[in-house]
Amino acid sequence: MKVKSRKVDKAWFHDHVSDPYVKRARQEGYRSRAAYKLEEIDRALALVRPGQLIVDLGAAPGAWSQYLRRRLAPQGAAAGQLPGTLIALDLLDLEPIEGVAFVQGDFRDEEVLARLAAALGGRKADLVVSDMAPNLSGVAVSDAARVAHLVELALEFACAHLKPEGALLAKTFHGSGYSQQVELFKRRFRTVRAIKPKASRAKSAETFLVGRGLAGSSGE
(Lines give C-alpha, C1' and ligand atoms only; values in the text may rest on other atoms or scores of the structure.)
Protein backbone atom coordinates (compact mmCIF):
# COMPACT_ATOMS: atom_id res chain seq x y z
CA MET A 1 0.00 0.00 0.00
CA LYS A 2 2.85 2.38 0.78
CA VAL A 3 4.45 1.70 -2.60
CA LYS A 4 1.13 2.31 -4.36
CA SER A 5 0.66 5.52 -2.40
CA ARG A 6 4.09 6.78 -3.45
CA LYS A 7 3.27 5.99 -7.09
CA VAL A 8 -0.01 7.89 -6.84
CA ASP A 9 1.71 10.86 -5.18
CA LYS A 10 4.40 10.89 -7.86
CA ALA A 11 1.82 10.73 -10.65
CA TRP A 12 -0.21 13.55 -9.06
CA PHE A 13 2.92 15.71 -8.69
CA HIS A 14 3.90 15.11 -12.32
CA ASP A 15 0.40 16.03 -13.51
CA HIS A 16 0.38 19.10 -11.27
CA VAL A 17 3.71 20.59 -12.31
CA SER A 18 3.01 19.95 -16.02
CA ASP A 19 -0.52 21.38 -15.82
CA PRO A 20 -0.74 24.45 -18.11
CA TYR A 21 -3.13 26.18 -15.69
CA VAL A 22 -0.66 25.71 -12.82
CA LYS A 23 2.11 27.24 -14.94
CA ARG A 24 -0.14 30.09 -16.02
CA ALA A 25 -1.18 30.78 -12.42
CA ARG A 26 2.46 31.14 -11.41
CA GLN A 27 3.13 33.51 -14.30
CA GLU A 28 0.06 35.67 -13.62
CA GLY A 29 0.37 35.78 -9.85
CA TYR A 30 -2.65 33.68 -8.90
CA ARG A 31 -2.47 31.56 -5.78
CA SER A 32 -4.00 28.53 -7.51
CA ARG A 33 -5.24 27.31 -10.88
CA ALA A 34 -8.82 27.65 -9.60
CA ALA A 35 -8.83 31.26 -10.82
CA TYR A 36 -9.21 30.03 -14.38
CA LYS A 37 -12.37 28.08 -13.59
CA LEU A 38 -14.00 31.28 -12.41
CA GLU A 39 -12.56 33.21 -15.34
CA GLU A 40 -14.12 30.78 -17.85
CA ILE A 41 -17.50 30.89 -16.14
CA ASP A 42 -17.41 34.67 -15.91
CA ARG A 43 -16.50 35.02 -19.59
CA ALA A 44 -19.35 32.71 -20.57
CA LEU A 45 -21.99 34.30 -18.34
CA ALA A 46 -20.74 37.86 -17.65
CA LEU A 47 -21.22 37.61 -13.89
CA VAL A 48 -18.71 40.21 -12.67
CA ARG A 49 -18.77 43.97 -13.23
CA PRO A 50 -17.04 46.94 -11.56
CA GLY A 51 -19.09 48.45 -8.75
CA GLN A 52 -20.61 45.19 -7.56
CA LEU A 53 -20.84 43.85 -4.02
CA ILE A 54 -19.52 40.28 -4.11
CA VAL A 55 -19.23 37.59 -1.42
CA ASP A 56 -16.64 34.81 -1.92
CA LEU A 57 -17.42 31.73 0.18
CA GLY A 58 -14.65 29.18 0.73
CA ALA A 59 -12.12 31.74 -0.46
CA ALA A 60 -8.77 30.26 0.70
CA PRO A 61 -6.13 30.25 -0.66
CA GLY A 62 -7.56 33.29 -2.44
CA ALA A 63 -7.39 32.74 -6.21
CA TRP A 64 -11.08 33.49 -6.74
CA SER A 65 -10.84 36.66 -4.66
CA GLN A 66 -7.76 37.68 -6.65
CA TYR A 67 -9.64 37.21 -9.92
CA LEU A 68 -12.71 39.05 -8.64
CA ARG A 69 -10.60 41.95 -7.40
CA ARG A 70 -8.92 42.27 -10.79
CA ARG A 71 -12.30 42.19 -12.54
CA LEU A 72 -13.71 44.88 -10.28
CA ALA A 73 -10.78 47.12 -11.24
CA PRO A 74 -9.63 46.10 -14.75
CA GLN A 75 -7.44 49.21 -15.00
CA GLY A 76 -6.13 48.79 -11.46
CA ALA A 77 -7.09 50.72 -8.34
CA ALA A 78 -5.22 52.48 -5.59
CA ALA A 79 -5.58 51.22 -2.03
CA GLY A 80 -9.00 52.08 -0.68
CA GLN A 81 -10.36 52.99 -4.11
CA LEU A 82 -11.63 49.63 -5.36
CA PRO A 83 -14.77 50.21 -7.47
CA GLY A 84 -16.90 47.69 -5.64
CA THR A 85 -16.89 45.63 -2.46
CA LEU A 86 -15.45 42.15 -2.03
CA ILE A 87 -15.97 40.11 1.14
CA ALA A 88 -14.27 36.72 1.50
CA LEU A 89 -14.92 33.95 4.02
CA ASP A 90 -13.12 30.73 4.87
CA LEU A 91 -12.46 28.41 7.78
CA LEU A 92 -8.75 28.62 6.95
CA ASP A 93 -6.63 31.73 7.23
CA LEU A 94 -6.35 33.87 4.12
CA GLU A 95 -3.22 35.80 3.28
CA PRO A 96 -4.41 39.41 2.89
CA ILE A 97 -5.48 40.67 -0.53
CA GLU A 98 -5.63 44.43 -0.92
CA GLY A 99 -9.22 45.64 -1.00
CA VAL A 100 -10.71 42.32 0.18
CA ALA A 101 -12.44 42.16 3.58
CA PHE A 102 -11.95 38.74 5.19
CA VAL A 103 -14.16 36.91 7.69
CA GLN A 104 -12.60 33.75 9.15
CA GLY A 105 -14.73 30.92 10.47
CA ASP A 106 -16.87 27.90 9.69
CA PHE A 107 -19.71 28.78 7.32
CA ARG A 108 -21.91 26.25 9.13
CA ASP A 109 -21.60 28.25 12.37
CA GLU A 110 -24.45 30.70 13.07
CA GLU A 111 -22.05 33.12 14.78
CA VAL A 112 -19.83 33.19 11.70
CA LEU A 113 -22.84 33.78 9.45
CA ALA A 114 -23.82 36.67 11.71
CA ARG A 115 -20.34 38.21 11.32
CA LEU A 116 -20.59 37.82 7.56
CA ALA A 117 -24.01 39.49 7.55
CA ALA A 118 -22.56 42.29 9.69
CA ALA A 119 -19.78 42.80 7.13
CA LEU A 120 -22.48 43.33 4.51
CA GLY A 121 -23.85 46.14 6.66
CA GLY A 122 -27.42 45.68 5.51
CA ARG A 123 -26.46 45.86 1.83
CA LYS A 124 -27.57 43.27 -0.70
CA ALA A 125 -25.00 41.43 -2.82
CA ASP A 126 -24.87 41.41 -6.59
CA LEU A 127 -23.04 38.10 -6.66
CA VAL A 128 -22.27 35.25 -4.27
CA VAL A 129 -19.66 32.71 -5.34
CA SER A 130 -18.93 29.49 -3.49
CA ASP A 131 -15.97 27.22 -4.09
CA MET A 132 -16.62 25.46 -0.79
CA ALA A 133 -16.03 21.73 -0.63
CA PRO A 134 -15.94 19.39 2.38
CA ASN A 135 -13.07 17.14 3.36
CA LEU A 136 -14.06 13.94 1.59
CA SER A 137 -14.03 10.65 3.48
CA GLY A 138 -14.25 8.30 0.52
CA VAL A 139 -17.65 7.05 1.71
CA ALA A 140 -19.92 8.04 -1.18
CA VAL A 141 -23.17 8.50 0.75
CA SER A 142 -21.52 10.52 3.51
CA ASP A 143 -19.55 12.69 1.09
CA ALA A 144 -22.63 13.40 -1.05
CA ALA A 145 -24.50 14.55 2.06
CA ARG A 146 -21.64 16.88 3.04
CA VAL A 147 -21.50 18.40 -0.42
CA ALA A 148 -25.27 18.87 -0.52
CA HIS A 149 -25.24 20.53 2.90
CA LEU A 150 -22.70 23.15 1.83
CA VAL A 151 -24.57 23.85 -1.40
CA GLU A 152 -27.83 24.25 0.53
CA LEU A 153 -26.16 26.63 3.00
CA ALA A 154 -24.74 28.72 0.16
CA LEU A 155 -28.16 28.78 -1.47
CA GLU A 156 -29.87 29.81 1.77
CA PHE A 157 -27.33 32.57 2.37
CA ALA A 158 -27.62 33.85 -1.21
CA CYS A 159 -31.41 33.96 -1.13
CA ALA A 160 -31.26 36.00 2.08
CA HIS A 161 -28.59 38.44 0.93
CA LEU A 162 -28.81 38.81 -2.87
CA LYS A 163 -30.38 41.64 -4.79
CA PRO A 164 -33.46 40.55 -6.78
CA GLU A 165 -31.41 40.30 -9.98
CA GLY A 166 -28.35 38.87 -8.22
CA ALA A 167 -26.59 35.60 -8.98
CA LEU A 168 -25.17 32.62 -7.11
CA LEU A 169 -22.33 30.48 -8.43
CA ALA A 170 -21.75 27.32 -6.37
CA LYS A 171 -19.46 24.33 -6.78
CA THR A 172 -20.95 20.89 -6.47
CA PHE A 173 -20.20 17.37 -7.71
CA HIS A 174 -21.99 14.98 -10.02
CA GLY A 175 -23.27 11.98 -8.12
CA SER A 176 -25.84 11.19 -5.48
CA GLY A 177 -28.01 14.21 -4.69
CA TYR A 178 -26.88 16.29 -7.68
CA SER A 179 -30.28 16.33 -9.42
CA GLN A 180 -31.93 17.43 -6.17
CA GLN A 181 -29.52 20.36 -5.93
CA VAL A 182 -30.40 21.41 -9.47
CA GLU A 183 -34.08 21.31 -8.54
CA LEU A 184 -33.41 23.45 -5.47
CA PHE A 185 -31.73 26.04 -7.68
CA LYS A 186 -34.65 25.97 -10.12
CA ARG A 187 -37.08 26.66 -7.29
CA ARG A 188 -35.04 29.62 -6.04
CA PHE A 189 -33.87 31.25 -9.30
CA ARG A 190 -35.53 32.23 -12.54
CA THR A 191 -32.66 30.91 -14.68
CA VAL A 192 -30.29 28.08 -13.80
CA ARG A 193 -27.29 26.74 -15.66
CA ALA A 194 -24.80 23.97 -14.95
CA ILE A 195 -21.31 24.51 -16.32
CA LYS A 196 -18.02 22.61 -16.13
CA PRO A 197 -15.14 24.84 -17.22
CA LYS A 198 -12.22 23.40 -19.18
CA ALA A 199 -9.95 24.37 -16.29
CA SER A 200 -11.65 21.71 -14.14
CA ARG A 201 -9.54 18.58 -14.21
CA ALA A 202 -10.94 15.96 -16.59
CA LYS A 203 -11.03 13.32 -13.84
CA SER A 204 -12.92 15.58 -11.45
CA ALA A 205 -16.67 15.20 -10.93
CA GLU A 206 -16.97 18.85 -9.95
CA THR A 207 -19.41 21.09 -11.75
CA PHE A 208 -20.78 24.56 -11.05
CA LEU A 209 -24.39 25.65 -10.73
CA VAL A 210 -25.32 29.23 -11.56
CA GLY A 211 -28.64 30.71 -10.55
CA ARG A 212 -29.69 34.22 -11.66
CA GLY A 213 -32.65 36.33 -10.61
CA LEU A 214 -34.44 35.34 -7.44
CA ALA A 215 -37.67 33.50 -8.14
CA GLY A 216 -40.76 35.50 -7.25
CA SER A 217 -38.91 38.78 -7.69
CA SER A 218 -39.83 41.29 -10.37
CA GLY A 219 -36.43 43.00 -10.22
CA GLU A 220 -34.90 45.95 -8.44
# chains A, B, ... in the order shown; residues from 1 in each chain; ligands from 1

call {"tool": "residues_around", "arguments": {"residues": "stretch 95-111 of chain A", "least_positions_apart": "4", "cutoff": "7 Å", "atoms": "only C-alpha atoms", "output": "PyMOL selection string"}}
result
chain A and resi 79-80+82+86-91+115-116

call {"tool": "closest_atom_pairs", "arguments": {"of": "stretch 103-129 of chain A", "to": "stretch 147-171 of chain A", "cutoff": "9 Å", "atoms": "only C-alpha atoms", "output": "CSV"}}
result
residue,atom,partner,partner_atom,distance
A:Phe107,CA,A:Leu153,CA,8.1
A:Arg108,CA,A:Leu153,CA,7.5
A:Leu113,CA,A:Phe157,CA,8.5
A:Ala117,CA,A:His161,CA,8.1
A:Leu120,CA,A:His161,CA,8.6
A:Gly122,CA,A:His161,CA,8.6
A:Arg123,CA,A:His161,CA,7.8
A:Lys124,CA,A:Leu162,CA,5.1
A:Ala125,CA,A:Leu162,CA,4.6
A:Asp126,CA,A:Gly166,CA,4.6
A:Leu127,CA,A:Ala167,CA,4.9
A:Val128,CA,A:Leu168,CA,4.8
A:Val129,CA,A:Leu169,CA,4.7

call {"tool": "write_last_selection", "arguments": {"atoms": "N, CA and C atoms", "output": "mmCIF file, in the first residue's frame"}}
result
data_model
loop_
_atom_site.group_PDB
_atom_site.id
_atom_site.type_symbol
_atom_site.label_atom_id
_atom_site.label_comp_id
_atom_site.auth_asym_id
_atom_site.auth_seq_id
_atom_site.Cartn_x
_atom_site.Cartn_y
_atom_site.Cartn_z
ATOM 1 N N PHE A 107 -18.470 28.273 7.916
ATOM 2 C CA PHE A 107 -19.706 28.777 7.324
ATOM 3 C C PHE A 107 -20.945 28.108 7.914
ATOM 4 N N ARG A 108 -20.769 26.954 8.530
ATOM 5 C CA ARG A 108 -21.912 26.253 9.126
ATOM 6 C C ARG A 108 -22.263 26.800 10.510
ATOM 7 N N LEU A 113 -21.879 33.217 10.402
ATOM 8 C CA LEU A 113 -22.840 33.782 9.449
ATOM 9 C C LEU A 113 -23.284 35.175 9.883
ATOM 10 N N ALA A 117 -22.882 38.580 7.794
ATOM 11 C CA ALA A 117 -24.008 39.490 7.545
ATOM 12 C C ALA A 117 -23.667 40.898 8.028
ATOM 13 N N LEU A 120 -21.660 42.798 5.604
ATOM 14 C CA LEU A 120 -22.478 43.329 4.507
ATOM 15 C C LEU A 120 -23.119 44.660 4.893
ATOM 16 N N GLY A 122 -26.060 45.443 5.981
ATOM 17 C CA GLY A 122 -27.422 45.678 5.511
ATOM 18 C C GLY A 122 -27.550 45.797 4.006
ATOM 19 N N ARG A 123 -26.432 45.762 3.290
ATOM 20 C CA ARG A 123 -26.465 45.858 1.833
ATOM 21 C C ARG A 123 -26.740 44.495 1.218
ATOM 22 N N LYS A 124 -27.319 44.503 0.039
ATOM 23 C CA LYS A 124 -27.574 43.273 -0.697
ATOM 24 C C LYS A 124 -26.448 43.043 -1.705
ATOM 25 N N ALA A 125 -26.095 41.782 -1.912
ATOM 26 C CA ALA A 125 -25.004 41.428 -2.816
ATOM 27 C C ALA A 125 -25.493 41.299 -4.255
ATOM 28 N N ASP A 126 -24.611 41.641 -5.174
ATOM 29 C CA ASP A 126 -24.871 41.410 -6.593
ATOM 30 C C ASP A 126 -24.541 39.975 -6.981
ATOM 31 N N LEU A 127 -23.539 39.427 -6.294
ATOM 32 C CA LEU A 127 -23.036 38.099 -6.663
ATOM 33 C C LEU A 127 -22.490 37.396 -5.429
ATOM 34 N N VAL A 128 -22.861 36.124 -5.285
ATOM 35 C CA VAL A 128 -22.274 35.252 -4.272
ATOM 36 C C VAL A 128 -21.622 34.094 -5.017
ATOM 37 N N VAL A 129 -20.343 33.848 -4.734
ATOM 38 C CA VAL A 129 -19.656 32.711 -5.342
ATOM 39 C C VAL A 129 -19.201 31.769 -4.238
#

call {"tool": "atom_distance", "arguments": {"atom1": "atom CA of A:Pro197", "atom2": "atom CA of A:Glu40"}}
result
6.1 Å

call {"tool": "select_by_dssp", "arguments": {"residues": "stretch 8-160 of chain A", "states": "strand (DSSP E or B)", "output": "tab-separated table (two decimals) with N, CA and C atoms, in the first residue's frame"}}
result
chain	number	residue	atom	x	y	z
A	53	LEU	N	-21.11	44.39	-5.34
A	53	LEU	CA	-20.84	43.85	-4.02
A	53	LEU	C	-20.84	42.34	-4.17
A	54	ILE	N	-19.70	41.71	-3.87
A	54	ILE	CA	-19.52	40.28	-4.11
A	54	ILE	C	-19.07	39.59	-2.82
A	55	VAL	N	-19.63	38.41	-2.57
A	55	VAL	CA	-19.23	37.59	-1.42
A	55	VAL	C	-18.61	36.30	-1.96
A	56	ASP	N	-17.40	36.00	-1.49
A	56	ASP	CA	-16.64	34.81	-1.92
A	56	ASP	C	-16.59	33.82	-0.76
A	57	LEU	N	-17.35	32.74	-0.87
A	57	LEU	CA	-17.42	31.73	0.18
A	57	LEU	C	-16.42	30.61	-0.10
A	85	THR	N	-17.18	46.18	-3.78
A	85	THR	CA	-16.89	45.63	-2.46
A	85	THR	C	-16.75	44.12	-2.57
A	86	LEU	N	-15.71	43.58	-1.98
A	86	LEU	CA	-15.45	42.15	-2.03
A	86	LEU	C	-15.21	41.63	-0.62
A	87	ILE	N	-16.07	40.70	-0.20
A	87	ILE	CA	-15.97	40.11	1.14
A	87	ILE	C	-15.71	38.62	0.97
A	88	ALA	N	-14.65	38.12	1.60
A	88	ALA	CA	-14.27	36.72	1.50
A	88	ALA	C	-14.44	36.02	2.85
A	89	LEU	N	-14.77	34.73	2.80
A	89	LEU	CA	-14.92	33.95	4.02
A	89	LEU	C	-14.29	32.59	3.84
A	90	ASP	N	-13.63	32.11	4.89
A	90	ASP	CA	-13.12	30.73	4.87
A	90	ASP	C	-12.81	30.30	6.30
A	100	VAL	N	-9.79	43.43	-0.13
A	100	VAL	CA	-10.71	42.32	0.18
A	100	VAL	C	-10.89	42.23	1.70
A	101	ALA	N	-12.14	42.33	2.15
A	101	ALA	CA	-12.44	42.16	3.58
A	101	ALA	C	-12.60	40.66	3.85
A	102	PHE	N	-11.95	40.18	4.91
A	102	PHE	CA	-11.95	38.74	5.19
A	102	PHE	C	-12.62	38.43	6.51
A	103	VAL	N	-13.51	37.44	6.49
A	103	VAL	CA	-14.16	36.91	7.69
A	103	VAL	C	-13.72	35.46	7.83
A	104	GLN	N	-13.07	35.13	8.95
A	104	GLN	CA	-12.60	33.75	9.15
A	104	GLN	C	-13.55	32.99	10.05
A	125	ALA	N	-26.10	41.78	-1.91
A	125	ALA	CA	-25.00	41.43	-2.82
A	125	ALA	C	-25.49	41.30	-4.26
A	126	ASP	N	-24.61	41.64	-5.17
A	126	ASP	CA	-24.87	41.41	-6.59
A	126	ASP	C	-24.54	39.98	-6.98
A	127	LEU	N	-23.54	39.43	-6.29
A	127	LEU	CA	-23.04	38.10	-6.66
A	127	LEU	C	-22.49	37.40	-5.43
A	128	VAL	N	-22.86	36.12	-5.29
A	128	VAL	CA	-22.27	35.25	-4.27
A	128	VAL	C	-21.62	34.09	-5.02
A	129	VAL	N	-20.34	33.85	-4.73
A	129	VAL	CA	-19.66	32.71	-5.34
A	129	VAL	C	-19.20	31.77	-4.24
A	130	SER	N	-19.30	30.48	-4.49
A	130	SER	CA	-18.93	29.49	-3.49
A	130	SER	C	-18.10	28.38	-4.11
